[in-house]
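A.B. asks: Following this line is work_13.txt, made up of compact mmCIF, C-alpha atoms:
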```
# COMPACT_ATOMS: atom_id res chain seq x y z
CA ALA D 7 13.85 -8.49 -19.97
CA SER D 8 11.97 -11.67 -19.08
CA CYS D 9 10.53 -9.86 -16.05
CA ILE D 10 8.99 -7.21 -18.32
CA LYS D 11 7.62 -9.95 -20.58
CA ASP D 12 6.14 -11.88 -17.63
CA GLN D 13 5.06 -8.78 -15.67
CA PRO D 14 4.29 -6.09 -18.27
CA GLY D 15 2.59 -3.72 -15.85
CA GLY D 16 -1.08 -3.02 -15.75
CA MET D 17 -1.64 0.67 -16.55
CA CYS D 18 -3.55 1.31 -19.77
CA GLU D 19 -5.80 3.90 -21.39
CA GLY D 20 -9.58 3.58 -21.10
CA ILE D 21 -11.47 0.82 -19.34
CA PRO D 22 -9.20 -1.93 -17.97
CA THR D 23 -9.56 -5.29 -19.72
CA GLY D 24 -8.01 -7.42 -16.97
CA ALA D 25 -5.16 -8.53 -19.25
CA GLY D 26 -1.69 -8.40 -17.65
CA ASP D 27 -0.93 -5.13 -19.41
CA CYS D 28 -4.30 -3.51 -18.70
CA THR D 29 -5.43 -3.92 -15.09
CA TYR D 30 -5.99 -0.25 -14.23
CA SER D 31 -6.24 3.22 -15.72
CA ILE D 32 -5.83 6.64 -14.19
CA SER D 33 -6.95 10.16 -14.94
CA ARG D 34 -5.79 13.37 -13.37
CA ALA D 35 -8.20 14.60 -10.72
CA GLY D 36 -6.46 17.78 -9.57
CA ASP D 37 -3.96 18.85 -6.96
CA LEU D 38 -3.48 20.78 -3.77
CA SER D 39 -0.21 22.46 -2.83
CA LEU D 40 1.27 21.85 0.58
CA ASN D 41 0.87 25.57 1.29
CA GLU D 42 -2.86 25.30 0.51
CA ILE D 43 -3.17 22.30 2.81
CA GLU D 44 -1.29 23.96 5.65
CA GLY D 45 -2.96 27.36 5.15
CA ILE D 46 0.27 29.24 4.38
CA SER D 47 -0.38 32.05 1.90
CA ASP D 48 3.20 33.41 1.78
CA TYR D 49 5.87 30.87 2.66
CA ALA D 50 8.75 33.36 2.60
CA ALA D 51 6.93 35.58 5.13
CA PHE D 52 6.06 32.50 7.21
CA VAL D 53 9.76 31.58 7.49
CA LYS D 54 10.86 35.18 8.01
CA GLU D 55 8.54 35.38 11.03
CA GLY D 56 10.47 32.46 12.58
CA LYS D 57 7.73 29.91 12.02
CA GLU D 58 8.32 26.25 11.24
CA GLU D 59 5.96 23.70 9.70
CA PHE D 60 7.21 20.98 12.04
CA ASN D 61 9.87 20.53 14.68
CA LYS D 62 10.82 16.87 15.05
CA THR D 63 12.07 17.30 18.61
CA SER D 64 8.91 18.90 19.95
CA ASP D 65 6.55 17.00 17.58
CA GLU D 66 4.76 20.21 16.69
CA GLY D 67 5.00 23.23 14.46
CA VAL D 68 6.04 26.72 15.42
CA GLY D 69 3.21 29.05 14.44
CA LEU D 70 1.44 26.15 12.68
CA THR D 71 -0.48 23.24 14.18
CA PHE D 72 -1.24 21.14 11.08
CA TRP D 73 1.56 18.61 11.66
CA ASP D 74 1.34 18.47 15.47
CA GLY D 75 1.33 14.86 16.69
CA LEU D 76 2.88 13.48 13.51
CA ASN D 77 2.37 9.85 14.56
CA ASP D 78 -0.98 10.33 16.31
CA THR D 79 -3.67 8.25 14.58
CA ASP D 80 -6.50 10.68 15.33
CA ALA D 81 -4.43 13.68 14.23
CA ASN D 82 -3.53 11.86 11.00
CA GLN D 83 -7.18 11.12 10.33
CA ALA D 84 -8.01 14.80 10.92
CA ARG D 85 -5.32 15.73 8.37
CA VAL D 86 -6.75 13.30 5.83
CA ASP D 87 -10.26 14.69 6.40
CA HIS D 88 -8.93 18.25 6.05
CA VAL D 89 -7.26 17.44 2.71
CA ALA D 90 -10.40 15.67 1.44
CA ALA D 91 -12.55 18.70 2.35
CA LEU D 92 -10.13 21.12 0.67
CA PHE D 93 -10.03 18.98 -2.45
CA LYS D 94 -13.84 18.80 -2.60
CA LYS D 95 -14.04 22.58 -2.18
CA LYS D 96 -11.50 23.20 -4.96
CA TYR D 97 -12.90 20.50 -7.30
CA PRO D 98 -16.62 20.27 -6.46
CA ASP D 99 -17.44 18.28 -9.60
CA MET D 100 -14.99 15.50 -8.76
CA PRO D 101 -16.38 12.56 -6.79
CA SER D 102 -15.08 12.21 -3.25
CA HIS D 103 -13.46 8.99 -2.12
CA SER D 104 -16.71 7.86 -0.51
CA GLU D 105 -18.65 8.59 -3.71
CA MET D 106 -16.39 6.51 -5.95
CA LEU D 107 -17.42 2.98 -6.81
CA SER D 108 -15.17 0.14 -5.76
CA PRO D 109 -13.53 -1.59 -8.72
CA VAL D 110 -14.57 -5.11 -9.66
CA CYS D 111 -12.21 -7.57 -7.98
CA ASP D 112 -11.28 -10.76 -9.81
CA PHE D 113 -8.31 -11.46 -7.57
CA LYS D 114 -7.75 -15.16 -6.91
CA PHE D 115 -7.00 -14.96 -3.17
CA GLU D 116 -6.47 -18.65 -2.48
CA GLU D 117 -4.18 -19.16 -5.47
CA PHE D 118 -2.10 -16.07 -4.72
CA TYR D 119 -1.71 -16.52 -0.96
CA THR D 120 -1.41 -20.28 -0.71
CA GLY D 121 0.53 -20.83 -3.93
CA THR D 122 -1.86 -23.64 -4.76
CA THR D 123 -3.30 -23.89 -8.23
CA THR D 124 -5.93 -26.38 -9.21
CA THR D 125 -6.45 -27.56 -12.76
CA THR D 126 -9.55 -29.56 -13.50
CA THR D 127 -10.04 -31.62 -16.64
CA THR D 128 -12.65 -34.20 -17.53
CA ILE D 129 -10.12 -36.89 -16.57
CA SER D 130 -8.46 -35.71 -13.35
CA THR D 131 -7.69 -32.87 -10.92
CA THR D 132 -4.07 -31.96 -10.23
CA THR D 133 -2.92 -29.70 -7.41
CA THR D 134 0.68 -28.51 -7.37
CA THR D 135 2.75 -26.57 -4.86
CA PRO D 136 6.21 -25.51 -6.06
CA ASP D 137 9.41 -26.48 -4.16
CA CYS D 138 11.15 -23.99 -1.88
CA GLN D 139 14.84 -23.13 -1.26
CA ASP D 140 16.46 -21.51 1.78
CA ALA D 141 16.26 -17.69 1.69
CA THR D 142 19.55 -15.84 1.79
CA PRO D 143 20.00 -12.50 3.59
CA GLY D 144 19.66 -9.64 1.11
CA SER D 145 17.40 -11.57 -1.28
CA SER D 146 13.85 -10.46 -2.04
CA CYS D 147 12.62 -13.73 -0.51
CA TYR D 148 14.47 -13.05 2.74
CA SER D 149 13.04 -9.52 2.88
CA ALA D 150 9.51 -10.80 2.21
CA VAL D 151 9.82 -13.41 4.98
CA ARG D 152 11.18 -10.86 7.48
CA TRP D 153 8.28 -8.49 6.63
CA ALA D 154 5.79 -11.33 7.05
CA MET D 155 7.23 -12.18 10.47
CA LYS D 156 7.50 -8.61 11.72
CA ASP D 157 4.47 -6.89 10.17
CA GLY D 158 2.43 -9.17 7.92
CA ILE D 159 1.30 -11.59 10.62
CA HIS D 160 -0.10 -8.67 12.62
CA VAL D 161 -1.64 -6.69 9.74
CA HIS D 162 -2.98 -9.65 7.71
CA PRO D 163 -3.08 -12.73 9.96
CA ASN D 164 -5.43 -14.50 7.52
CA TRP D 165 -2.58 -14.56 4.97
CA TYR D 166 -0.64 -16.86 7.29
CA PRO D 167 -2.97 -19.73 8.19
CA GLY D 168 -1.62 -21.85 11.04
CA LEU D 169 1.19 -19.39 11.82
CA SER D 170 1.66 -17.03 14.75
CA ALA D 171 4.15 -14.29 15.58
CA SER D 172 6.30 -16.96 17.27
CA SER D 173 6.41 -19.32 14.24
CA SER D 174 9.82 -20.12 12.79
CA PHE D 175 11.53 -18.39 9.86
CA SER D 176 11.24 -21.59 7.79
CA ASP D 177 7.49 -21.84 8.47
CA PHE D 178 7.01 -18.23 7.33
CA GLN D 179 9.24 -18.84 4.30
CA ALA D 180 7.16 -21.86 3.31
CA GLN D 181 3.97 -19.76 3.49
CA VAL D 182 5.51 -16.86 1.53
CA HIS D 183 6.62 -19.42 -1.06
CA ARG D 184 3.12 -20.91 -1.29
CA ALA D 185 1.64 -17.43 -1.63
CA SER D 186 4.22 -15.98 -4.00
CA PRO D 187 6.44 -18.64 -5.60
CA ASN D 188 7.97 -15.97 -7.84
CA VAL D 189 9.33 -14.23 -4.69
CA CYS D 190 10.59 -17.31 -2.82
```
Show the structure stored in the file as structure tokens.
C.D. replies:
Amino acid sequence: ASCIKDQPGGMCEGIPTGAGDCTYSISRAGDLSLNEIEGISDYAAFVKEGKEEFNKTSDEGVGLTFWDGLNDTDANQARVDHVAALFKKKYPDMPSHSEMLSPVCDFKFEEFYTGTTTTTTTISTTTTTPDCQDATPGSSCYSAVRWAMKDGIHVHPNWYPGLSASSSFSDFQAQVHRASPNVC
């Protein structure tokens, strides 16, 4: 219950205000069926003809090439481009991803990722960094630290200043704590 009070969720109707319970809004844009995307007009006939959308062993379809090279970056980009073109064709009045404006960002990067908050008054400036405890396997902190060590350091190295892929678990935990004291 306290989690809901502290983290109410940000979806709201209309223009977002930036308050904790109103950070984004959504509106339905439209949809494409998987059959539309793959170009299958009659799925029952497709299957009856012995075709398959994708065969995991061969990494390709049988009678369909859309999913060939499932983990191939270029093939995945081609699939994304294909879906975007189909969507634009079906919903020509909707803006494409490239036509949409980026939202205003008021994210406090330094505060979030270092865990450091600075309060300035006319008398003094106080900087605080919360204490940290050892992460236990199975906890959300432990999972966050393992992700940071395995993936985060490679995907977002700037989130881990002074750390490298060979840094210790405790060094990563300290950084995760500074960045997200509510997690660790």
A.B. asks: Which is closest to D:Ala35 among D:Asp99, D:Asp140, D:Glu55, D:Asp157, if we use all atoms listed in the file?
C.D. replies: D:Asp99
A.B. asks: Find the residue from D:Ser149, D:Asp65, D:Ser186, D:Ala154 that sits nearest to D:Ser174; use all atoms listed in the file when measuring.
C.D. replies: D:Ala154
A.B. asks: Give me, please, the distance in Å between atom CA of D:Phe178 and atom CA of D:Arg152, quoted to one decimal.
C.D. replies: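 Separation of atom CA of D:Phe178 and atom CA of D:Arg152: 8.5 Å.
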A.B. asks: For D:Phe60, which of D:Leu76, D:Leu92, D:Gly26, D:Gly45 is the closest residue, counting all atoms listed in the file?
C.D. replies: D:Leu76
A.B. asks: Pick the closest to D:Leu38 from D:Ala185, D:Ala150, D:Cys18, D:Ala91: which is it, counting only C-alpha atoms?
C.D. replies: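 That would be D:Ala91, the residue with the smallest distance to D:Leu38.
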A.B. asks: Centre and edge lengths of an axis-aligned box around all listed atoms of stretch 60-70 of chain D, with 4 Å added on each side, are to be given in Å to one decimal, as JSON.
C.D. replies:
```
{"center_x": 6.8, "center_y": 23.0, "center_z": 16.0, "size_x": 18.6, "size_y": 20.2, "size_z": 15.9}
```
A.B. asks: Skip D:Ser176 itself and residues of its chain fewer than 2 positions away, then list as a list in words all residues within 10 Å of it, counting all atoms listed in the file.
C.D. replies: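 Within the cut-off, the hits are Cys138, Gln139, Asp140, Ala141, Val151, Ser173, Ser174, Phe178, Gln179, Ala180, Gln181 and Val182 of chain D.
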A.B. asks: Can you tell me how far atom CA of D:Ala84 sits from atom CA of D:Val68, in Å to one decimal?
C.D. replies: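 Rounded to one decimal, the two atoms are 19.0 Å apart.
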A.B. asks: How many Å lie between atom CA of D:Thr29 and atom CA of D:Met17, rounded to one decimal?
C.D. replies: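 Computing it gives 6.1 Å between the two atoms.
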A.B. asks: Within 9 Å of D:Arg85, counting only C-alpha atoms, which residues show up once you throw out same-chain ones fewer than 6 positions away? Write them as a list of chain:residue names, please.
C.D. replies: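 Final neighbour list, sorted by chain and number: D:Ile43, D:Phe72, D:Trp73.
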